[in-house]
Each structure stands twice: as C-alpha cells, then as structure tokens.
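Undergrad: Hey, dropping start.cif in here, mmCIF, C-alpha atoms:
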```
data_input
#
loop_
_atom_site.label_atom_id
_atom_site.label_comp_id
_atom_site.auth_asym_id
_atom_site.auth_seq_id
_atom_site.Cartn_x
_atom_site.Cartn_y
_atom_site.Cartn_z
CA MET C 221 8.28 -5.06 38.67
CA ASN C 222 10.89 -2.30 38.59
CA ARG C 223 12.04 -0.45 35.47
CA GLU C 224 15.07 -2.66 34.90
CA GLU C 225 12.96 -5.82 35.11
CA GLN C 226 10.39 -4.31 32.74
CA SER C 227 13.15 -3.47 30.26
CA VAL C 228 14.55 -7.01 30.39
CA ASP C 229 11.02 -8.45 30.01
CA ARG C 230 10.33 -6.17 27.00
CA ASP C 231 13.66 -7.18 25.42
CA ALA C 232 12.77 -10.87 25.87
CA GLN C 233 9.37 -10.31 24.24
CA GLU C 234 11.02 -8.59 21.26
CA LEU C 235 13.38 -11.55 20.85
CA ASP C 236 10.37 -13.91 20.91
CA ALA C 237 9.12 -12.34 17.67
CA ALA C 238 10.37 -14.44 14.77
CA LEU C 239 12.97 -12.90 12.50
CA HIS C 240 11.36 -12.30 9.11
CA PRO C 241 11.88 -10.24 5.98
CA ALA C 242 9.85 -7.04 5.59
CA LEU C 243 9.40 -5.99 1.99
CA LYS C 244 8.01 -2.65 0.80
CA LEU C 245 7.59 -2.73 -2.95
CA ARG C 246 7.27 0.55 -4.85
CA LEU C 247 7.10 1.54 -8.51
CA ALA C 248 9.00 4.51 -9.93
CA ARG C 249 9.72 6.44 -13.08
CA LYS C 250 11.21 9.88 -12.50
CA ARG C 251 9.99 9.56 -8.93
CA ILE C 252 8.39 6.91 -6.75
CA PHE C 253 4.68 7.06 -7.43
CA PHE C 254 3.11 3.74 -6.44
CA GLY C 255 3.38 1.48 -3.44
CA PRO C 256 1.28 0.21 -0.54
CA GLY C 257 -0.44 3.57 0.08
CA PRO C 258 -1.55 4.30 -3.49
CA ALA C 259 -2.53 0.62 -3.92
CA GLU C 260 -4.71 0.85 -0.82
CA LEU C 261 -6.25 4.07 -2.15
CA LEU C 262 -7.18 2.39 -5.42
CA MET C 263 -8.61 -0.62 -3.55
CA GLN C 264 -10.71 1.68 -1.37
CA ILE C 265 -11.94 3.69 -4.39
CA LYS C 266 -12.93 0.41 -6.02
CA ARG C 267 -14.77 -0.64 -2.86
CA THR C 268 -16.50 2.67 -2.06
CA ASP C 269 -16.89 4.31 -5.51
CA SER C 270 -15.69 7.52 -3.87
CA VAL C 271 -12.34 9.27 -3.48
CA ARG C 272 -13.61 11.06 -0.37
CA MET C 273 -14.80 7.83 1.28
CA ALA C 274 -11.58 6.04 0.29
CA CYS C 275 -9.53 8.77 1.95
CA GLU C 276 -11.69 8.65 5.08
CA GLN C 277 -11.26 4.86 5.28
CA MET C 278 -7.49 5.29 5.03
CA GLY C 279 -7.33 8.18 7.49
CA ILE C 280 -5.76 10.55 4.97
CA SER C 281 -6.92 13.96 3.82
CA TYR C 282 -8.94 14.33 0.65
CA SER C 283 -6.23 16.59 -0.80
CA LYS C 284 -3.55 13.96 -0.05
CA GLY C 285 -5.64 11.35 -1.86
CA TRP C 286 -5.95 13.58 -4.91
CA LYS C 287 -2.23 14.33 -4.82
CA MET C 288 -1.54 10.56 -4.87
CA ILE C 289 -3.93 10.06 -7.81
CA ASN C 290 -2.49 13.00 -9.75
CA THR C 291 1.09 11.79 -9.18
CA MET C 292 0.18 8.28 -10.37
CA GLU C 293 -1.49 9.64 -13.49
CA GLU C 294 1.37 12.05 -14.27
CA GLU C 295 4.00 9.32 -13.97
CA LEU C 296 1.98 6.71 -15.88
CA GLY C 297 0.66 8.99 -18.61
CA TYR C 298 -2.89 7.68 -18.27
CA LYS C 299 -5.90 7.98 -15.96
CA VAL C 300 -6.30 5.44 -13.19
CA THR C 301 -9.66 6.75 -12.02
CA LYS C 302 -12.80 7.96 -13.75
CA ARG C 303 -14.53 10.70 -11.78
CA GLN C 304 -17.99 12.19 -11.91
CA GLN C 305 -18.12 15.56 -10.18
CA GLY C 306 -20.47 15.97 -7.27
CA GLY C 307 -23.80 17.63 -7.49
CA ARG C 308 -27.05 17.17 -5.67
CA ASN C 309 -26.32 13.46 -5.07
CA GLY C 310 -22.55 13.84 -4.69
CA GLY C 311 -19.82 12.63 -7.00
CA SER C 312 -18.50 9.19 -7.71
CA ALA C 313 -15.28 7.60 -8.79
CA CYS C 314 -14.23 4.24 -10.14
CA LEU C 315 -11.05 2.72 -11.50
CA THR C 316 -10.42 2.88 -15.21
CA PRO C 317 -9.56 -0.42 -16.92
CA GLU C 318 -5.93 0.77 -16.80
CA GLY C 319 -6.24 1.51 -13.08
CA GLU C 320 -7.72 -1.95 -12.49
CA ALA C 321 -4.86 -3.54 -14.45
CA LEU C 322 -2.22 -1.52 -12.57
CA LEU C 323 -3.65 -2.59 -9.21
CA ALA C 324 -3.91 -6.26 -10.25
CA LYS C 325 -0.36 -6.33 -11.64
CA TYR C 326 1.05 -4.60 -8.56
CA GLN C 327 -0.72 -7.07 -6.27
CA GLU C 328 0.66 -9.99 -8.30
CA LEU C 329 4.16 -8.47 -8.28
CA GLU C 330 3.86 -8.04 -4.52
CA ARG C 331 2.71 -11.66 -4.06
CA ARG C 332 5.50 -13.10 -6.22
CA SER C 333 8.13 -10.85 -4.64
CA ARG C 334 7.06 -11.94 -1.17
CA GLU C 335 7.32 -15.61 -2.20
CA ALA C 336 10.80 -15.06 -3.70
CA VAL C 337 12.03 -13.12 -0.67
CA ASP C 338 10.64 -15.73 1.73
CA SER C 339 12.44 -18.46 -0.23
CA ILE C 340 15.75 -16.56 -0.23
CA PHE C 341 15.32 -15.71 3.45
CA GLU C 342 14.74 -19.37 4.34
CA GLU C 343 17.81 -20.36 2.33
CA LEU C 344 19.98 -17.81 4.13
CA PHE C 345 18.50 -17.77 7.64
CA GLY C 346 16.70 -21.11 7.98
CA PRO C 347 13.01 -22.03 8.10
CA LEU C 348 10.43 -19.32 8.77
CA ASP C 349 8.65 -19.83 12.10
#
```
Let's see the structure in the file written out as structure tokens.
TA:
Amino acid sequence: MNREEQSVDRDAQELDAALHPALKLRLARKRIFFGPGPAELLMQIKRTDSVRMACEQMGISYSKGWKMINTMEEELGYKVTKRQQGGRNGGSACLTPEGEALLAKYQELERRSREAVDSIFEELFGPLD
C-alpha cells in the first residue's frame, strides 16, 4: 500500500469513529483549580493513602501533585487532604470529609452533565451510535 492509499485508508477509519460530544468539566473561582486531573489525584490518594503513590500512578511528579493540592485548597479555603509526615515508616495521606464531598459532588456533576450533553447532542445530531 503506497502513502496515498494509506492516507485514504486512515481517513476512512477516522470517519468510521462515531461523532460524539467530548466534555471536559472544570471548576473555577479566581482560576481553574479542579477538573479531571485533580479529581484523579484525589481518587488515587483515597485508593493508595499516599500522595507519592498517587502521583506515581498518574505519571506526574510529586511536586506537581502537591501544587495541584495546594491550588485546590487555596481556591476552596479548606483542606482536601489530611497528611501525616513521613518518618521511619513513611507518611500517609487521606481525604478530609470536605475532600471526599468535593470529589463525590464533582463526579455527580460530571455524570449529570454527560447525560444532559448526550441528550442535547442526540436532539441536535441524531441518535448516538
């Protein structure tokens, strides 16, 4: 298959993908501070009980993870994580009740937004395939 045929084949494959809405929901005050990345970070902290492990799971640097946490907490005015500094056995982290509530509300907002957008999309563009 020559280059031109490959290009036509690739274009046909791209057209085979169903048209669909892509929604990226973010929360903001003075600046955007919460979205898919910070939500994933909180989910990973909840799962691993560790900021370091959460960052490793996400493939982000430890300092980037802390920057995300600090930005969330600055914009919200409350702590989203409770941390115990490392020592002989290492540190630990967990979500505060406020952090848990933020994550749950964001996930619900995301779910409802996706449903609303899918409904509007279907109305405007036809059934989702």
Undergrad: Spell out the residues picked by the PyMOL selection byres ((chain C and resi 273-280) around 12) here, as a PyMOL selection string.
TA: chain C and resi 256-272+281-289+310-314
Undergrad: Could you work out how far CA of Ala237 (chain C) lies from CA of Glu328 (chain C), giving the answer in Å with one decimal?
TA: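 We find that CA of Glu328 (chain C) and CA of Ala237 (chain C) lie 27.4 Å from each other.
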Undergrad: Counting all atoms listed in the file, which residues of region 233-326 of chain C fall within 12 Å of region 334-343 of chain C, and what is the closest atom pair for each with its distance in Å at one decimal, ordered by chain and rising number, as CSV?
TA:
```
residue,atom,partner,partner_atom,distance
C:Leu239,CA,C:Phe341,CA,9.8
C:His240,CA,C:Phe341,CA,7.7
C:Pro241,CA,C:Phe341,CA,6.9
C:Ala242,CA,C:Arg334,CA,8.8
C:Leu243,CA,C:Arg334,CA,7.1
C:Lys244,CA,C:Arg334,CA,9.5
C:Leu245,CA,C:Arg334,CA,9.4
```
Undergrad: If I take CA of Gly297 (chain C) and CA of Glu330 (chain C), how far is one from the other in Å, to one decimal?
TA: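 Separating CA of Gly297 (chain C) from CA of Glu330 (chain C) is a distance of 22.3 Å.
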Undergrad: Could you name the residues that touch Gly319 (chain C) at 8 Å or less, counting all atoms listed in the file, but leaving out those on the same chain fewer than 2 positions away, as a list in words?
TA: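 Here the qualifying residues turn out to be Leu262, Lys299, Val300, Thr301, Leu315, Thr316, Pro317, Ala321, Leu322 and Leu323 of chain C.
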Undergrad: Axis-aligned box over every listed atom of region 279-284 of chain C, padded by 3 Å per side: centre and edges in Å to one decimal, as lines of an AutoDock Vina configuration file?
TA:
```
center_x = -6.2
center_y = 12.4
center_z = 3.3
size_x = 11.4
size_y = 14.4
size_z = 14.3
```
Undergrad: Mind giving me the straight-line distance from CA of Leu329 (chain C) to CA of Leu296 (chain C) in Å, one decimal?
TA: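 One can read the CA of Leu329 (chain C) to CA of Leu296 (chain C) distance as 17.1 Å.
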Undergrad: Extract region 322-349 of chain C from the structure I just pasted (atoms: N, CA, C and O atoms) and return it as a PDB file, in the first residue's frame.
TA:
```
ATOM      1  N   LEU C 322     -16.183  16.979  48.021  1.00  0.00           N
ATOM      2  CA  LEU C 322     -15.840  17.650  46.764  1.00  0.00           C
ATOM      3  C   LEU C 322     -15.754  16.633  45.632  1.00  0.00           C
ATOM      4  O   LEU C 322     -16.343  16.828  44.564  1.00  0.00           O
ATOM      5  N   LEU C 323     -15.026  15.544  45.861  1.00  0.00           N
ATOM      6  CA  LEU C 323     -14.864  14.522  44.830  1.00  0.00           C
ATOM      7  C   LEU C 323     -16.211  13.911  44.452  1.00  0.00           C
ATOM      8  O   LEU C 323     -16.528  13.778  43.260  1.00  0.00           O
ATOM      9  N   ALA C 324     -17.032  13.571  45.440  1.00  0.00           N
ATOM     10  CA  ALA C 324     -18.341  12.965  45.157  1.00  0.00           C
ATOM     11  C   ALA C 324     -19.238  13.930  44.378  1.00  0.00           C
ATOM     12  O   ALA C 324     -19.899  13.528  43.413  1.00  0.00           O
ATOM     13  N   LYS C 325     -19.255  15.193  44.775  1.00  0.00           N
ATOM     14  CA  LYS C 325     -20.095  16.178  44.073  1.00  0.00           C
ATOM     15  C   LYS C 325     -19.599  16.414  42.656  1.00  0.00           C
ATOM     16  O   LYS C 325     -20.404  16.532  41.719  1.00  0.00           O
ATOM     17  N   TYR C 326     -18.292  16.476  42.477  1.00  0.00           N
ATOM     18  CA  TYR C 326     -17.736  16.660  41.133  1.00  0.00           C
ATOM     19  C   TYR C 326     -18.101  15.471  40.245  1.00  0.00           C
ATOM     20  O   TYR C 326     -18.513  15.654  39.097  1.00  0.00           O
ATOM     21  N   GLN C 327     -17.960  14.254  40.774  1.00  0.00           N
ATOM     22  CA  GLN C 327     -18.297  13.071  39.993  1.00  0.00           C
ATOM     23  C   GLN C 327     -19.780  13.063  39.618  1.00  0.00           C
ATOM     24  O   GLN C 327     -20.135  12.692  38.497  1.00  0.00           O
ATOM     25  N   GLU C 328     -20.635  13.488  40.526  1.00  0.00           N
ATOM     26  CA  GLU C 328     -22.070  13.558  40.226  1.00  0.00           C
ATOM     27  C   GLU C 328     -22.359  14.650  39.196  1.00  0.00           C
ATOM     28  O   GLU C 328     -23.158  14.452  38.275  1.00  0.00           O
ATOM     29  N   LEU C 329     -21.698  15.794  39.329  1.00  0.00           N
ATOM     30  CA  LEU C 329     -21.854  16.869  38.353  1.00  0.00           C
ATOM     31  C   LEU C 329     -21.395  16.398  36.979  1.00  0.00           C
ATOM     32  O   LEU C 329     -22.060  16.658  35.969  1.00  0.00           O
ATOM     33  N   GLU C 330     -20.298  15.681  36.951  1.00  0.00           N
ATOM     34  CA  GLU C 330     -19.782  15.141  35.691  1.00  0.00           C
ATOM     35  C   GLU C 330     -20.783  14.158  35.074  1.00  0.00           C
ATOM     36  O   GLU C 330     -21.064  14.215  33.873  1.00  0.00           O
ATOM     37  N   ARG C 331     -21.330  13.264  35.879  1.00  0.00           N
ATOM     38  CA  ARG C 331     -22.296  12.267  35.401  1.00  0.00           C
ATOM     39  C   ARG C 331     -23.536  12.958  34.833  1.00  0.00           C
ATOM     40  O   ARG C 331     -23.970  12.661  33.717  1.00  0.00           O
ATOM     41  N   ARG C 332     -24.092  13.895  35.594  1.00  0.00           N
ATOM     42  CA  ARG C 332     -25.307  14.580  35.137  1.00  0.00           C
ATOM     43  C   ARG C 332     -25.036  15.437  33.910  1.00  0.00           C
ATOM     44  O   ARG C 332     -25.875  15.523  33.000  1.00  0.00           O
ATOM     45  N   SER C 333     -23.889  16.085  33.874  1.00  0.00           N
ATOM     46  CA  SER C 333     -23.529  16.916  32.712  1.00  0.00           C
ATOM     47  C   SER C 333     -23.411  16.061  31.466  1.00  0.00           C
ATOM     48  O   SER C 333     -23.879  16.445  30.391  1.00  0.00           O
ATOM     49  N   ARG C 334     -22.776  14.897  31.611  1.00  0.00           N
ATOM     50  CA  ARG C 334     -22.626  13.990  30.470  1.00  0.00           C
ATOM     51  C   ARG C 334     -23.996  13.548  29.957  1.00  0.00           C
ATOM     52  O   ARG C 334     -24.246  13.525  28.748  1.00  0.00           O
ATOM     53  N   GLU C 335     -24.912  13.218  30.880  1.00  0.00           N
ATOM     54  CA  GLU C 335     -26.266  12.818  30.478  1.00  0.00           C
ATOM     55  C   GLU C 335     -26.972  13.952  29.732  1.00  0.00           C
ATOM     56  O   GLU C 335     -27.606  13.731  28.707  1.00  0.00           O
ATOM     57  N   ALA C 336     -26.867  15.173  30.264  1.00  0.00           N
ATOM     58  CA  ALA C 336     -27.522  16.326  29.632  1.00  0.00           C
ATOM     59  C   ALA C 336     -26.929  16.598  28.249  1.00  0.00           C
ATOM     60  O   ALA C 336     -27.660  16.816  27.274  1.00  0.00           O
ATOM     61  N   VAL C 337     -25.602  16.560  28.148  1.00  0.00           N
ATOM     62  CA  VAL C 337     -24.945  16.813  26.865  1.00  0.00           C
ATOM     63  C   VAL C 337     -25.301  15.724  25.861  1.00  0.00           C
ATOM     64  O   VAL C 337     -25.577  16.012  24.693  1.00  0.00           O
ATOM     65  N   ASP C 338     -25.320  14.470  26.301  1.00  0.00           N
ATOM     66  CA  ASP C 338     -25.695  13.377  25.390  1.00  0.00           C
ATOM     67  C   ASP C 338     -27.116  13.572  24.872  1.00  0.00           C
ATOM     68  O   ASP C 338     -27.398  13.360  23.694  1.00  0.00           O
ATOM     69  N   SER C 339     -28.019  14.003  25.746  1.00  0.00           N
ATOM     70  CA  SER C 339     -29.410  14.231  25.346  1.00  0.00           C
ATOM     71  C   SER C 339     -29.506  15.371  24.327  1.00  0.00           C
ATOM     72  O   SER C 339     -30.191  15.251  23.303  1.00  0.00           O
ATOM     73  N   ILE C 340     -28.818  16.456  24.605  1.00  0.00           N
ATOM     74  CA  ILE C 340     -28.823  17.606  23.677  1.00  0.00           C
ATOM     75  C   ILE C 340     -28.172  17.211  22.357  1.00  0.00           C
ATOM     76  O   ILE C 340     -28.669  17.557  21.279  1.00  0.00           O
ATOM     77  N   PHE C 341     -27.077  16.475  22.428  1.00  0.00           N
ATOM     78  CA  PHE C 341     -26.385  16.026  21.221  1.00  0.00           C
ATOM     79  C   PHE C 341     -27.314  15.173  20.359  1.00  0.00           C
ATOM     80  O   PHE C 341     -27.412  15.373  19.147  1.00  0.00           O
ATOM     81  N   GLU C 342     -28.011  14.230  20.991  1.00  0.00           N
ATOM     82  CA  GLU C 342     -28.922  13.360  20.253  1.00  0.00           C
ATOM     83  C   GLU C 342     -30.035  14.182  19.605  1.00  0.00           C
ATOM     84  O   GLU C 342     -30.420  13.938  18.462  1.00  0.00           O
ATOM     85  N   GLU C 343     -30.543  15.174  20.330  1.00  0.00           N
ATOM     86  CA  GLU C 343     -31.582  16.042  19.779  1.00  0.00           C
ATOM     87  C   GLU C 343     -31.085  16.791  18.533  1.00  0.00           C
ATOM     88  O   GLU C 343     -31.801  16.924  17.549  1.00  0.00           O
ATOM     89  N   LEU C 344     -29.854  17.264  18.594  1.00  0.00           N
ATOM     90  CA  LEU C 344     -29.314  18.078  17.503  1.00  0.00           C
ATOM     91  C   LEU C 344     -28.713  17.258  16.362  1.00  0.00           C
ATOM     92  O   LEU C 344     -28.833  17.635  15.197  1.00  0.00           O
ATOM     93  N   PHE C 345     -28.067  16.155  16.693  1.00  0.00           N
ATOM     94  CA  PHE C 345     -27.306  15.396  15.692  1.00  0.00           C
ATOM     95  C   PHE C 345     -27.898  14.029  15.368  1.00  0.00           C
ATOM     96  O   PHE C 345     -27.451  13.367  14.463  1.00  0.00           O
ATOM     97  N   GLY C 346     -28.856  13.569  16.144  1.00  0.00           N
ATOM     98  CA  GLY C 346     -29.430  12.248  15.935  1.00  0.00           C
ATOM     99  C   GLY C 346     -28.912  11.267  16.961  1.00  0.00           C
ATOM    100  O   GLY C 346     -28.089  11.614  17.813  1.00  0.00           O
ATOM    101  N   PRO C 347     -29.384  10.030  16.908  1.00  0.00           N
ATOM    102  CA  PRO C 347     -29.019   9.027  17.920  1.00  0.00           C
ATOM    103  C   PRO C 347     -27.513   8.792  17.996  1.00  0.00           C
ATOM    104  O   PRO C 347     -26.811   8.810  16.991  1.00  0.00           O
ATOM    105  N   LEU C 348     -27.043   8.562  19.221  1.00  0.00           N
ATOM    106  CA  LEU C 348     -25.647   8.188  19.433  1.00  0.00           C
ATOM    107  C   LEU C 348     -25.464   6.744  18.980  1.00  0.00           C
ATOM    108  O   LEU C 348     -26.293   5.901  19.248  1.00  0.00           O
ATOM    109  N   ASP C 349     -24.365   6.488  18.294  1.00  0.00           N
ATOM    110  CA  ASP C 349     -24.088   5.098  17.838  1.00  0.00           C
ATOM    111  C   ASP C 349     -23.084   4.469  18.740  1.00  0.00           C
ATOM    112  O   ASP C 349     -22.153   4.956  19.166  1.00  0.00           O
TER     113      ASP C 349
END
```
